[in-house]
file data_35.cif (mmCIF, C-alpha atoms and all ligand atoms)
data_start
loop_
_atom_site.label_atom_id
_atom_site.label_comp_id
_atom_site.auth_asym_id
_atom_site.auth_seq_id
_atom_site.Cartn_x
_atom_site.Cartn_y
_atom_site.Cartn_z
CA MET X 106 8.41 15.53 -7.54
CA PRO X 107 6.83 18.23 -9.80
CA ARG X 108 7.67 17.81 -13.48
CA THR X 109 9.65 21.07 -13.83
CA LEU X 110 11.79 20.31 -10.79
CA PHE X 111 12.48 16.81 -12.08
CA VAL X 112 13.64 18.18 -15.46
CA PHE X 113 15.94 20.60 -13.64
CA CYS X 114 17.41 17.83 -11.47
CA PHE X 115 17.77 15.59 -14.51
CA PHE X 116 19.99 18.19 -16.18
CA CYS X 117 21.97 19.13 -13.11
CA HIS X 118 22.76 15.50 -12.32
CA PHE X 119 24.06 15.07 -15.84
CA ALA X 120 26.26 18.13 -15.46
CA PHE X 121 28.22 16.15 -12.82
CA ALA X 122 27.87 12.76 -14.46
CA GLN X 123 30.69 10.29 -14.00
CA THR X 124 31.79 8.75 -17.30
CA ILE X 125 33.34 5.35 -18.05
CA GLN X 126 36.61 7.21 -18.75
CA GLN X 127 36.58 8.80 -15.30
CA CYS X 128 35.93 5.40 -13.71
CA LYS X 129 38.75 3.87 -15.77
CA TYR X 130 41.07 6.63 -14.56
CA ARG X 131 40.15 5.85 -10.93
CA PHE X 132 40.63 2.14 -11.60
CA ASP X 133 44.12 2.70 -13.04
CA THR X 134 45.20 5.40 -10.59
CA TYR X 135 43.88 4.18 -7.25
CA LEU X 136 42.17 0.79 -7.37
CA ASN X 137 43.99 -1.77 -9.52
CA PHE X 138 46.96 -2.93 -7.45
CA ARG X 139 49.74 -3.64 -9.98
CA GLY X 140 47.39 -5.13 -12.58
CA SER X 141 45.94 -7.56 -10.03
CA LEU X 142 42.36 -6.77 -11.11
CA ASN X 143 42.95 -7.02 -14.88
CA ASN X 144 41.00 -10.30 -14.99
CA ARG X 145 38.26 -9.13 -12.63
CA VAL X 146 37.17 -5.80 -14.12
CA GLN X 147 36.45 -5.10 -17.79
CA PHE X 148 35.82 -1.74 -19.45
CA THR X 149 34.06 -1.45 -22.81
CA ASN X 150 32.71 1.62 -24.63
CA ASP X 151 29.35 1.36 -22.94
CA ALA X 152 29.79 -0.73 -19.78
CA ILE X 153 31.93 -1.73 -16.81
CA TYR X 154 31.85 -5.42 -15.85
CA ILE X 155 32.91 -7.11 -12.62
CA LEU X 156 33.86 -10.74 -13.25
CA ASP X 157 33.84 -13.65 -10.80
CA GLU X 158 36.89 -15.84 -10.04
CA LYS X 159 36.20 -17.93 -13.15
CA GLY X 160 35.92 -14.93 -15.49
CA LYS X 161 32.10 -14.95 -15.73
CA LYS X 162 30.40 -11.53 -15.84
CA GLU X 163 28.76 -11.01 -12.46
CA ILE X 164 27.84 -7.31 -12.33
CA ALA X 165 27.44 -4.84 -15.18
CA VAL X 166 27.09 -1.08 -14.91
CA TYR X 167 26.16 0.55 -18.21
CA ALA X 168 27.29 4.08 -19.09
CA ASN X 169 23.84 5.61 -18.55
CA GLU X 170 23.56 3.89 -15.12
CA ILE X 171 26.84 5.16 -13.64
CA GLU X 172 25.48 8.41 -12.23
CA LEU X 173 22.41 6.68 -10.82
CA PHE X 174 24.58 4.09 -9.08
CA ALA X 175 27.03 6.70 -7.80
CA LYS X 176 24.20 8.71 -6.25
CA PHE X 177 22.51 5.62 -4.82
CA LEU X 178 25.71 4.26 -3.22
CA VAL X 179 26.61 7.58 -1.58
CA ASN X 180 23.13 8.16 -0.17
CA ASN X 181 22.20 4.71 1.16
CA PRO X 182 23.29 2.43 4.00
CA PHE X 183 25.42 -0.58 3.16
CA SER X 184 22.52 -3.07 3.35
CA LYS X 185 20.58 -1.17 0.65
CA GLN X 186 23.71 -0.84 -1.53
CA GLU X 187 24.18 -4.60 -1.30
CA GLN X 188 20.52 -5.24 -2.20
CA LEU X 189 20.64 -3.03 -5.30
CA ILE X 190 23.84 -4.58 -6.64
CA LYS X 191 22.47 -8.11 -6.07
CA PHE X 192 19.23 -7.19 -7.84
CA LYS X 193 21.12 -5.54 -10.68
CA GLY X 194 23.49 -8.34 -11.68
CA VAL X 195 24.34 -7.96 -15.39
CA LYS X 196 20.91 -6.83 -16.60
CA LYS X 197 20.35 -3.45 -18.19
CA LEU X 198 17.87 -1.34 -16.26
CA SER X 199 15.04 0.18 -18.29
CA LYS X 200 14.70 3.97 -18.47
CA SER X 201 11.58 3.85 -16.30
CA LYS X 202 13.33 1.61 -13.68
CA CYS X 203 16.31 4.03 -13.59
CA ASP X 204 13.96 6.98 -13.16
CA SER X 205 12.01 5.28 -10.38
CA ILE X 206 15.21 4.37 -8.44
CA PHE X 207 16.56 7.88 -9.02
CA ASP X 208 13.35 9.51 -7.77
CA LYS X 209 13.49 7.55 -4.50
CA ILE X 210 17.04 8.64 -3.61
CA THR X 211 17.04 11.10 -0.71
CA ASP X 212 19.99 13.48 -0.66
CA LYS X 213 21.50 12.39 2.67
CA LYS X 214 24.60 14.49 2.05
CA LYS X 215 22.80 17.82 2.02
CA LYS X 216 23.97 20.34 4.58
CA ASN X 217 22.26 20.59 7.98
CA LYS X 218 19.96 23.56 8.47
CA TYR X 219 21.65 26.28 10.49
CA ASP X 220 20.93 29.74 11.75
CA ASN X 221 24.35 31.32 12.02
CA LYS X 222 26.99 32.47 9.56
CA LEU X 223 29.95 30.43 10.80
CA PRO X 224 32.07 29.15 7.88
CA LEU X 225 31.52 25.42 8.55
CA SER X 226 27.85 25.65 9.55
CA GLY X 227 25.78 22.86 8.03
CA TYR X 228 28.74 20.52 7.50
CA ARG X 229 29.10 17.15 9.24
CA ILE X 230 32.56 15.80 10.00
CA ALA X 231 33.20 12.29 11.37
CA ILE X 232 36.40 11.50 13.25
CA ASP X 233 37.78 8.09 14.14
CA PRO X 234 40.49 8.21 16.80
CA GLY X 235 42.40 4.97 16.10
CA HIS X 236 42.67 2.04 18.56
CA THR X 237 41.37 1.57 22.10
CA ALA X 238 43.93 0.43 24.70
CA VAL X 239 45.27 2.80 27.36
CA ASN X 240 46.38 0.32 30.00
CA LEU X 241 49.15 -2.28 29.74
CA THR X 242 46.88 -5.35 29.97
CA GLU X 243 44.82 -4.29 26.96
CA ALA X 244 47.78 -2.69 25.15
CA LEU X 245 49.70 -5.99 25.30
CA ILE X 246 46.84 -7.50 23.30
CA GLU X 247 46.36 -4.59 20.87
CA GLN X 248 50.11 -3.92 20.42
CA LYS X 249 49.72 -0.18 19.89
CA PHE X 250 51.90 1.25 22.64
CA LEU X 251 55.48 2.12 23.52
CA TYR X 252 56.92 1.16 26.88
CA PHE X 253 60.67 1.21 27.43
CA ARG X 254 63.41 2.74 29.50
CA LYS X 255 65.53 5.34 27.72
CA ASP X 256 69.27 4.79 27.76
CA SER X 257 70.33 8.40 28.17
CA ILE X 258 70.30 10.34 31.42
CA ASN X 259 69.87 13.58 29.48
CA HIS X 260 66.24 13.00 28.70
CA PRO X 261 63.52 14.48 30.86
CA TYR X 262 61.63 11.16 31.15
CA ASP X 263 63.57 7.98 31.83
CA THR X 264 60.60 5.76 30.97
CA ILE X 265 58.68 6.15 27.73
CA LYS X 266 55.07 5.08 28.07
CA ILE X 267 52.78 6.07 25.20
CA PHE X 268 49.43 4.60 24.18
CA GLU X 269 48.48 5.41 20.60
CA SER X 270 44.78 5.31 21.51
CA ALA X 271 45.27 8.16 24.01
CA LEU X 272 47.20 10.31 21.50
CA ALA X 273 44.58 9.75 18.81
CA PHE X 274 41.70 10.46 21.18
CA ASN X 275 43.28 13.68 22.48
CA THR X 276 43.91 14.85 18.89
CA ALA X 277 40.31 14.01 17.95
CA GLN X 278 38.97 16.07 20.85
CA LEU X 279 41.16 19.06 19.89
CA LEU X 280 40.08 18.79 16.27
CA GLN X 281 36.44 18.50 17.34
CA LYS X 282 36.69 21.76 19.28
CA MET X 283 38.36 23.58 16.38
CA LEU X 284 35.73 22.41 13.89
CA GLU X 285 32.76 23.04 16.18
CA GLU X 286 33.98 26.56 16.82
CA GLN X 287 33.55 27.17 13.07
CA GLY X 288 30.00 25.78 13.12
CA ALA X 289 30.58 22.17 12.00
CA LYS X 290 28.70 19.23 13.51
CA VAL X 291 31.27 16.64 14.63
CA LEU X 292 30.91 12.95 15.46
CA LEU X 293 33.57 10.86 17.20
CA SER X 294 33.40 7.09 16.58
CA ARG X 295 34.14 6.43 20.28
CA SER X 296 33.43 8.47 23.38
CA GLN X 297 36.44 7.92 25.68
CA GLU X 298 40.15 7.36 25.23
CA ASN X 299 39.91 3.76 26.51
CA TYR X 300 36.66 2.89 24.68
CA ASN X 301 36.03 1.10 21.40
CA SER X 302 33.06 1.96 19.17
CA PHE X 303 30.74 -0.13 21.37
CA ASN X 304 31.29 2.41 24.14
CA CYS X 305 33.19 0.09 26.45
CA THR X 306 36.72 -1.23 26.92
CA TYR X 307 37.77 -4.52 25.32
CA SER X 308 37.78 -6.17 28.79
CA GLN X 309 34.23 -4.97 29.42
CA TRP X 310 33.14 -6.20 26.00
CA LEU X 311 34.61 -9.64 26.81
CA SER X 312 32.76 -9.96 30.08
CA VAL X 313 29.45 -8.33 29.11
CA HIS X 314 28.93 -8.79 25.35
CA LYS X 315 31.18 -11.53 23.94
CA THR X 316 28.92 -14.58 24.37
CA ARG X 317 25.75 -12.74 23.34
CA VAL X 318 27.37 -11.26 20.20
CA LEU X 319 28.97 -14.54 19.04
CA ASP X 320 25.75 -16.50 19.75
CA SER X 321 23.68 -14.02 17.80
CA LEU X 322 26.06 -13.99 14.80
CA TYR X 323 26.00 -17.81 14.81
CA ASN X 324 22.21 -18.04 15.14
CA ASN X 325 21.75 -15.54 12.31
CA LYS X 326 24.05 -17.65 10.11
CA ILE X 327 26.58 -14.85 9.77
CA LEU X 328 29.24 -16.88 11.60
CA PRO X 329 29.80 -20.50 10.43
CA LYS X 330 29.94 -23.21 13.14
CA LEU X 331 33.68 -23.82 12.75
CA LYS X 332 34.55 -20.16 13.33
CA TYR X 333 32.01 -19.81 16.13
CA THR X 334 33.50 -22.79 18.02
CA LYS X 335 37.01 -21.39 17.54
CA PHE X 336 36.08 -17.87 18.71
CA ILE X 337 34.28 -19.18 21.81
CA LYS X 338 37.43 -21.10 22.79
CA ASP X 339 39.92 -18.35 21.76
CA ASN X 340 41.90 -16.62 24.50
CA ASP X 341 41.46 -12.84 24.81
CA HIS X 342 44.50 -12.07 22.63
CA ASP X 343 43.53 -14.41 19.78
CA LEU X 344 39.88 -13.36 19.84
CA PHE X 345 40.96 -9.72 19.47
CA TRP X 346 42.97 -10.47 16.33
CA ASP X 347 40.74 -13.23 14.88
CA PHE X 348 37.47 -11.40 15.36
CA PHE X 349 37.18 -8.29 17.48
CA ARG X 350 39.48 -5.90 15.63
CA ASP X 351 37.52 -6.09 12.35
CA TYR X 352 34.21 -6.31 14.19
CA ASP X 353 35.02 -2.98 15.90
CA LEU X 354 36.37 -1.38 12.70
CA ASN X 355 33.23 -2.35 10.78
CA ASN X 356 31.14 -0.81 13.53
CA ARG X 357 33.25 2.38 13.50
CA ALA X 358 32.55 2.71 9.77
CA LYS X 359 28.85 2.04 10.36
CA VAL X 360 28.61 4.66 13.14
CA MET X 361 30.36 7.20 10.90
CA ASN X 362 28.39 6.34 7.75
CA ASP X 363 25.04 6.60 9.59
CA PHE X 364 26.02 10.23 10.26
CA TYR X 365 26.38 10.84 6.46
CA PRO X 366 29.53 12.93 6.91
CA HIS X 367 30.78 15.39 4.30
CA VAL X 368 34.33 14.58 5.39
CA SER X 369 35.89 11.85 7.56
CA VAL X 370 39.19 11.96 9.41
CA VAL X 371 40.91 8.81 10.74
CA ILE X 372 43.64 9.64 13.25
CA HIS X 373 46.65 7.40 13.83
CA TYR X 374 50.23 7.79 15.01
CA ASN X 375 52.95 5.80 13.34
CA VAL X 376 56.19 4.08 14.39
CA ASP X 377 59.40 3.27 12.54
CA GLU X 378 58.78 -0.30 11.31
CA LYS X 379 62.53 -1.04 11.34
CA ASN X 380 62.63 -0.23 15.06
CA GLU X 381 60.58 -3.31 16.05
CA PRO X 382 60.04 -4.36 18.88
CA TRP X 383 60.12 -0.66 19.74
CA LYS X 384 62.21 -0.85 22.89
CA GLN X 385 64.40 2.09 21.93
CA VAL X 386 64.13 5.40 20.08
CA THR X 387 64.72 5.92 16.36
CA LYS X 388 66.21 8.86 14.53
CA LYS X 389 63.68 8.48 11.72
CA ASN X 390 60.47 10.50 11.38
CA PHE X 391 58.17 10.61 8.36
CA THR X 392 54.69 11.92 7.67
CA MET X 393 52.13 10.30 5.33
CA ALA X 394 48.42 9.67 4.76
CA PHE X 395 46.33 6.90 3.25
CA ILE X 396 43.20 6.90 1.14
CA GLY X 397 41.24 3.93 -0.28
CA GLY X 398 42.19 1.74 -3.22
CA ALA X 399 44.96 -0.80 -4.01
CA PHE X 400 42.58 -3.77 -4.30
CA THR X 401 44.05 -7.17 -5.09
CA ASN X 402 42.33 -9.97 -7.01
CA ASP X 403 41.39 -11.97 -3.90
CA ASN X 404 39.92 -8.83 -2.24
CA LEU X 405 37.09 -9.11 -4.77
CA ASP X 406 36.17 -12.67 -3.72
CA LYS X 407 34.25 -11.31 -0.71
CA ALA X 408 30.75 -10.13 -1.67
CA GLU X 409 30.84 -7.10 0.64
CA ASN X 410 34.12 -5.91 -0.87
CA LYS X 411 32.53 -5.84 -4.33
CA VAL X 412 30.02 -3.30 -2.99
CA HIS X 413 32.77 -1.09 -1.51
CA PHE X 414 34.82 -1.49 -4.69
CA LEU X 415 31.93 -0.37 -6.89
CA ARG X 416 31.30 2.66 -4.68
CA LEU X 417 34.96 3.69 -4.89
CA LEU X 418 34.98 3.08 -8.66
CA LEU X 419 31.73 4.87 -9.57
CA THR X 420 31.77 7.87 -7.21
CA ASP X 421 34.43 10.57 -7.00
CA GLU X 422 35.21 9.84 -3.31
CA LEU X 423 38.77 8.74 -4.12
CA ASN X 424 39.53 11.89 -6.13
CA GLN X 425 38.19 13.99 -3.25
CA SER X 426 40.08 11.95 -0.65
CA GLU X 427 43.34 12.52 -2.51
CA LYS X 428 42.76 16.30 -2.36
CA LEU X 429 41.97 16.22 1.37
CA ALA X 430 44.90 13.90 2.16
CA ALA X 431 47.31 16.02 0.11
CA LEU X 432 46.33 19.14 2.08
CA THR X 433 46.73 17.23 5.36
CA VAL X 434 50.20 15.85 4.55
CA SER X 435 51.39 19.24 3.36
CA ASN X 436 50.23 20.76 6.68
CA PHE X 437 51.94 18.02 8.74
CA ASN X 438 55.10 18.75 6.80
CA LYS X 439 54.90 22.53 7.34
CA ASN X 440 53.41 22.73 10.86
CA LEU X 441 55.44 19.91 12.42
CA SER X 442 58.60 20.09 10.25
CA ILE X 443 58.48 16.38 9.41
CA PRO X 444 59.71 15.12 6.02
CA ILE X 445 57.12 13.59 3.69
CA ALA X 446 57.52 9.83 3.22
CA SER X 447 58.36 8.43 -0.20
CA GLN X 448 57.57 4.83 -1.19
CA PHE X 449 61.13 3.87 -0.22
CA ASP X 450 60.80 4.99 3.41
CA ALA X 451 58.76 2.01 4.62
CA SER X 452 58.26 -1.47 3.20
CA TYR X 453 54.43 -1.33 3.47
CA LEU X 454 54.47 1.78 1.23
CA LYS X 455 56.42 -0.07 -1.45
CA ASP X 456 54.72 -3.47 -1.06
CA ASN X 457 51.05 -2.75 -0.21
CA CYS X 458 50.27 0.72 -1.53
CA LEU X 459 49.77 2.56 -4.80
CA LEU X 460 51.47 5.93 -5.16
CA THR X 461 49.25 8.89 -5.97
CA LYS X 462 50.53 12.01 -7.69
CA SER X 463 50.33 13.85 -4.33
CA PRO X 464 53.49 13.52 -2.22
CA GLY X 465 52.99 11.38 0.89
CA VAL X 466 49.49 10.22 -0.13
CA PHE X 467 49.10 6.48 -0.77
CA SER X 468 46.18 4.28 -1.80
CA ARG X 469 45.93 1.40 0.66
CA ASN X 470 43.11 -1.09 1.15
CA LEU X 471 42.78 -0.64 4.92
CA ASN X 472 39.41 -1.54 6.43
CA LEU X 473 38.30 2.07 7.10
CA CYS X 474 39.75 3.40 3.83
CA ARG X 475 37.45 0.91 2.10
CA THR X 476 34.33 1.12 4.25
CA ILE X 477 33.90 4.82 5.13
CA ASN X 478 31.42 6.37 2.70
CA SER X 479 32.77 9.92 2.28
CA PRO X 480 35.96 11.72 1.23
CA LEU X 481 38.49 10.77 3.92
CA VAL X 482 42.01 11.17 5.16
CA TYR X 483 43.68 8.40 7.17
CA GLY X 484 46.54 10.32 8.73
CA GLU X 485 49.85 9.01 10.06
CA SER X 486 51.35 12.35 11.05
CA LEU X 487 54.55 11.29 12.82
CA TYR X 488 56.66 8.47 14.33
CA GLN X 489 55.95 8.15 18.06
CA ASP X 490 59.26 6.35 18.66
CA ASN X 491 61.31 9.17 17.16
CA GLU X 492 63.96 10.36 19.64
CA THR X 493 62.43 13.82 20.16
CA GLU X 494 58.78 13.04 19.46
CA CYS X 495 58.48 10.45 22.27
CA ASP X 496 59.44 13.00 24.93
CA ALA X 497 57.25 15.71 23.42
CA LEU X 498 54.24 13.39 23.12
CA MET X 499 54.34 12.47 26.81
CA LYS X 500 53.94 16.09 27.92
CA THR X 501 50.64 17.61 29.02
CA ASP X 502 51.93 21.16 29.39
CA ILE X 503 49.45 23.02 27.19
CA THR X 504 45.77 23.68 27.74
CA TYR X 505 43.57 24.26 24.71
CA LYS X 506 39.94 25.10 25.58
CA ASP X 507 40.02 23.02 28.81
CA LEU X 508 41.87 20.11 27.18
CA LYS X 509 45.31 19.16 28.49
CA THR X 510 47.64 18.43 25.60
CA ASN X 511 51.08 19.20 24.18
CA ASP X 512 52.53 21.20 21.35
CA ARG X 513 52.83 18.24 18.95
CA LEU X 514 49.26 16.95 19.30
CA LEU X 515 47.94 20.50 19.03
CA ASN X 516 49.86 21.00 15.79
CA VAL X 517 48.62 17.69 14.41
CA ALA X 518 45.02 18.69 15.22
CA LYS X 519 45.59 22.12 13.63
CA SER X 520 46.95 20.46 10.50
CA TYR X 521 43.80 18.31 10.13
CA TYR X 522 41.62 21.32 10.91
CA GLN X 523 43.25 23.56 8.29
CA ALA X 524 43.05 20.77 5.69
CA VAL X 525 39.35 20.07 6.35
CA PHE X 526 38.53 23.78 6.34
CA LYS X 527 40.30 24.44 3.03
CA PHE X 528 38.88 21.27 1.48
CA ILE X 529 35.28 22.21 2.35
CA LYS X 530 35.67 25.86 1.43
CA LYS X 531 37.08 24.96 -1.99
ZN ZN X 601 47.45 3.14 14.49
#
call {"tool": "encode", "arguments": {"input": "data_35.cif", "output": "structure tokens", "more": "lines below"}}
Ligand SMILES: [Zn+2]
result
Amino acid sequence: MPRTLFVFCFFCHFAFAQTIQQCKYRFDTYLNFRGSLNNRVQFTNDAIYILDEKGKKEIAVYANEIELFAKFLVNNPFSKQEQLIKFKGVKKLSKSKCDSIFDKITDKKKKNKYDNKLPLSGYRIAIDPGHTAVNLTEALIEQKFLYFRKDSINHPYDTIKIFESALAFNTAQLLQKMLEEQGAKVLLSRSQENYNSFNCTYSQWLSVHKTRVLDSLYNNKILPKLKYTKFIKDNDHDLFWDFFRDYDLNNRAKVMNDFYPHVSVVIHYNVDEKNEPWKQVTKKNFTMAFIGGAFTNDNLDKAENKVHFLRLLLTDELNQSEKLAALTVSNFNKNLSIPIASQFDASYLKDNCLLTKSPGVFSRNLNLCRTINSPLVYGESLYQDNETECDALMKTDITYKDLKTNDRLLNVAKSYYQAVFKFIKK
């Protein structure tokens, strides 16, 4: 890099520098679940330390290294992030080492080149439509479906049959069309409503890929023998919950992160938890969204989680995610007329989440909230088992740009679209 350009970059990167105080604010606001990390993370005037289970300093990030680390973590794949943090440990990097790492960082988040004047041209948006099952065999394993007979003869459908994967995929397609029309480049983490991120159904994965994948993870010493033997013997249901679900989620994050998105949207549809086993309708309906954070002490025992934790602590992704999620929840509330959930409206909000200052936005350490490397919103727009929603969600009476859908899904997609648009344009 020519000297003059380097000096310019040096100053502009300091203009946006993250300070220890800003990191401490993120730690207190989003990351430290009810003081659980007090013995694992230490802030001093000039450094942030991550401690191991026994209280020994394991990783140190000094004040003058924060911006370098933030930039490195945002612009590199997970394997490189892991390498740098392992190499770093508690040592202080020399000025020349910092400069040489800094010089090698490529700005992967720069906008795509474009030749039109559409408002979202140059921006990349990744969408994960949650789940995968759209038939009863697979849905009985995944447990993300509603299937029951309604008790009233006044309803237009006597049987309610809804697969969350299909709702999420339809919404993702609608949102994709809306964003692409404004010039954005959009990536979906899976290509069909019944596919996972490996581009097949779970049943296909079992018959075609299972043995090869487990063998390879075992041979590469990623999977210990005990787990390998268990997984090989597991029935399809247990293997899904013991292994496949996280394996797929990690791959979804990888597919999305390789795209270096400016914004990520994770689409889910909720149910009333008190209505379990969901064989009848509920009168309740609430809207909410999750962002990353709410780490507990034992979350930091896993080496890979320390890398995600540091990224969330040192970069401003969580601050940005809160803004995006707040816009999304406010749109769900206005466009769909659904009340915004408070922490008292579901036990997981009270027990597993940290409240943010934005209504309906909660920090929760869900796999994708932790692993996606961009500002994100993990939306739970409505309760599928609500007495009016379940009928409305089963309809396919509207066509939007060749896609069959219904009024509710279209409004959910519009809400995400308006939030992403406003977030980027701000
Ligand atoms: Zn879901």
call {"tool": "residues_around", "arguments": {"input": "data_35.cif", "residues": "X:Asn144", "least_positions_apart": "4", "cutoff": "10 Å", "atoms": "only C-alpha atoms", "output": "ChimeraX atom specification"}}
result
/X:140,155-160,402
call {"tool": "residues_near_ligand", "arguments": {"input": "data_35.cif", "ligand": "ligand ZN 601 (chain X)", "cutoff": "12 Å", "atoms": "only C-alpha atoms and all ligand atoms", "output": "NGL selection string"}}
result
:X and (233-238 or 247-250 or 268-274 or 371-376 or 394-395 or 471 or 473 or 483-489)
call {"tool": "write_last_selection", "arguments": {"input": "data_35.cif", "atoms": "C-alpha atoms", "output": "PDB file, keeping the file's coordinate frame"}}
result
ATOM      1  CA  ASP X 233      37.780   8.090  14.140  1.00  0.00           C
ATOM      2  CA  PRO X 234      40.490   8.210  16.800  1.00  0.00           C
ATOM      3  CA  GLY X 235      42.400   4.970  16.100  1.00  0.00           C
ATOM      4  CA  HIS X 236      42.670   2.040  18.560  1.00  0.00           C
ATOM      5  CA  THR X 237      41.370   1.570  22.100  1.00  0.00           C
ATOM      6  CA  ALA X 238      43.930   0.430  24.700  1.00  0.00           C
ATOM      7  CA  GLU X 247      46.360  -4.590  20.870  1.00  0.00           C
ATOM      8  CA  GLN X 248      50.110  -3.920  20.420  1.00  0.00           C
ATOM      9  CA  LYS X 249      49.720  -0.180  19.890  1.00  0.00           C
ATOM     10  CA  PHE X 250      51.900   1.250  22.640  1.00  0.00           C
ATOM     11  CA  PHE X 268      49.430   4.600  24.180  1.00  0.00           C
ATOM     12  CA  GLU X 269      48.480   5.410  20.600  1.00  0.00           C
ATOM     13  CA  SER X 270      44.780   5.310  21.510  1.00  0.00           C
ATOM     14  CA  ALA X 271      45.270   8.160  24.010  1.00  0.00           C
ATOM     15  CA  LEU X 272      47.200  10.310  21.500  1.00  0.00           C
ATOM     16  CA  ALA X 273      44.580   9.750  18.810  1.00  0.00           C
ATOM     17  CA  PHE X 274      41.700  10.460  21.180  1.00  0.00           C
ATOM     18  CA  VAL X 371      40.910   8.810  10.740  1.00  0.00           C
ATOM     19  CA  ILE X 372      43.640   9.640  13.250  1.00  0.00           C
ATOM     20  CA  HIS X 373      46.650   7.400  13.830  1.00  0.00           C
ATOM     21  CA  TYR X 374      50.230   7.790  15.010  1.00  0.00           C
ATOM     22  CA  ASN X 375      52.950   5.800  13.340  1.00  0.00           C
ATOM     23  CA  VAL X 376      56.190   4.080  14.390  1.00  0.00           C
ATOM     24  CA  ALA X 394      48.420   9.670   4.760  1.00  0.00           C
ATOM     25  CA  PHE X 395      46.330   6.900   3.250  1.00  0.00           C
ATOM     26  CA  LEU X 471      42.780  -0.640   4.920  1.00  0.00           C
ATOM     27  CA  LEU X 473      38.300   2.070   7.100  1.00  0.00           C
ATOM     28  CA  TYR X 483      43.680   8.400   7.170  1.00  0.00           C
ATOM     29  CA  GLY X 484      46.540  10.320   8.730  1.00  0.00           C
ATOM     30  CA  GLU X 485      49.850   9.010  10.060  1.00  0.00           C
ATOM     31  CA  SER X 486      51.350  12.350  11.050  1.00  0.00           C
ATOM     32  CA  LEU X 487      54.550  11.290  12.820  1.00  0.00           C
ATOM     33  CA  TYR X 488      56.660   8.470  14.330  1.00  0.00           C
ATOM     34  CA  GLN X 489      55.950   8.150  18.060  1.00  0.00           C
TER      35      GLN X 489
END
call {"tool": "atom_distance", "arguments": {"input": "data_35.cif", "atom1": "atom CA of X:Asn380", "atom2": "atom CA of X:Asn491"}}
result
9.7 Å
call {"tool": "residues_around", "arguments": {"input": "data_35.cif", "residues": "X:Ala175", "least_positions_apart": "5", "cutoff": "8 Å", "atoms": "only C-alpha atoms", "output": "list in words"}}
result
Arg416, Leu419 and Thr420 of chain X
call {"tool": "write_last_selection", "arguments": {"input": "data_35.cif", "atoms": "C-alpha atoms", "output": "compact mmCIF listing (two decimals), keeping the file's coordinate frame"}}
result
# COMPACT_ATOMS: atom_id res chain seq x y z
CA ARG X 416 31.30 2.66 -4.68
CA LEU X 419 31.73 4.87 -9.57
CA THR X 420 31.77 7.87 -7.21
call {"tool": "residues_around", "arguments": {"input": "data_35.cif", "residues": "stretch 284-293 of chain X", "least_positions_apart": "6", "cutoff": "7 Å", "atoms": "all atoms listed in the file", "output": "ChimeraX atom specification"}}
result
/X:223-233,522
call {"tool": "closest_residue", "arguments": {"input": "data_35.cif", "among": "X:Leu319, X:Leu405, X:Lys462, X:Arg513", "to": "X:Asn143", "atoms": "all atoms listed in the file"}}
result
X:Leu405
call {"tool": "closest_residue", "arguments": {"input": "data_35.cif", "among": "X:Arg469, X:His413, X:Lys531, X:Lys519", "to": "X:Ile190", "atoms": "all atoms listed in the file"}}
result
X:His413
call {"tool": "decode", "arguments": {"input": "data_35.cif", "residues": "stretch 478-487 of chain X", "atoms": "N, CA and C atoms", "output": "PDB file, in the first residue's frame"}}
result
ATOM      1  N   ASN X 478     -21.711 -13.878  11.039  1.00  0.00           N
ATOM      2  CA  ASN X 478     -20.754 -12.766  11.172  1.00  0.00           C
ATOM      3  C   ASN X 478     -21.231 -11.518  10.417  1.00  0.00           C
ATOM      4  N   SER X 479     -22.331 -10.934  10.899  1.00  0.00           N
ATOM      5  CA  SER X 479     -22.840  -9.669  10.325  1.00  0.00           C
ATOM      6  C   SER X 479     -23.949  -9.169  11.252  1.00  0.00           C
ATOM      7  N   PRO X 480     -24.372  -7.918  11.111  1.00  0.00           N
ATOM      8  CA  PRO X 480     -25.578  -7.509  11.840  1.00  0.00           C
ATOM      9  C   PRO X 480     -26.723  -8.434  11.421  1.00  0.00           C
ATOM     10  N   LEU X 481     -27.541  -8.851  12.373  1.00  0.00           N
ATOM     11  CA  LEU X 481     -28.596  -9.824  12.037  1.00  0.00           C
ATOM     12  C   LEU X 481     -29.869  -9.555  12.808  1.00  0.00           C
ATOM     13  N   VAL X 482     -30.961 -10.065  12.249  1.00  0.00           N
ATOM     14  CA  VAL X 482     -32.204 -10.157  13.012  1.00  0.00           C
ATOM     15  C   VAL X 482     -32.700 -11.597  12.895  1.00  0.00           C
ATOM     16  N   TYR X 483     -33.040 -12.176  14.056  1.00  0.00           N
ATOM     17  CA  TYR X 483     -33.607 -13.525  14.112  1.00  0.00           C
ATOM     18  C   TYR X 483     -35.072 -13.311  14.496  1.00  0.00           C
ATOM     19  N   GLY X 484     -35.944 -13.314  13.497  1.00  0.00           N
ATOM     20  CA  GLY X 484     -37.316 -12.876  13.712  1.00  0.00           C
ATOM     21  C   GLY X 484     -38.280 -13.997  14.061  1.00  0.00           C
ATOM     22  N   GLU X 485     -39.130 -13.713  15.040  1.00  0.00           N
ATOM     23  CA  GLU X 485     -40.240 -14.621  15.404  1.00  0.00           C
ATOM     24  C   GLU X 485     -41.490 -13.758  15.322  1.00  0.00           C
ATOM     25  N   SER X 486     -41.990 -13.575  14.085  1.00  0.00           N
ATOM     26  CA  SER X 486     -43.012 -12.560  13.853  1.00  0.00           C
ATOM     27  C   SER X 486     -44.346 -12.832  14.535  1.00  0.00           C
ATOM     28  N   LEU X 487     -44.777 -14.106  14.585  1.00  0.00           N
ATOM     29  CA  LEU X 487     -46.133 -14.383  15.076  1.00  0.00           C
ATOM     30  C   LEU X 487     -46.236 -15.808  15.614  1.00  0.00           C
TER      31      LEU X 487
END
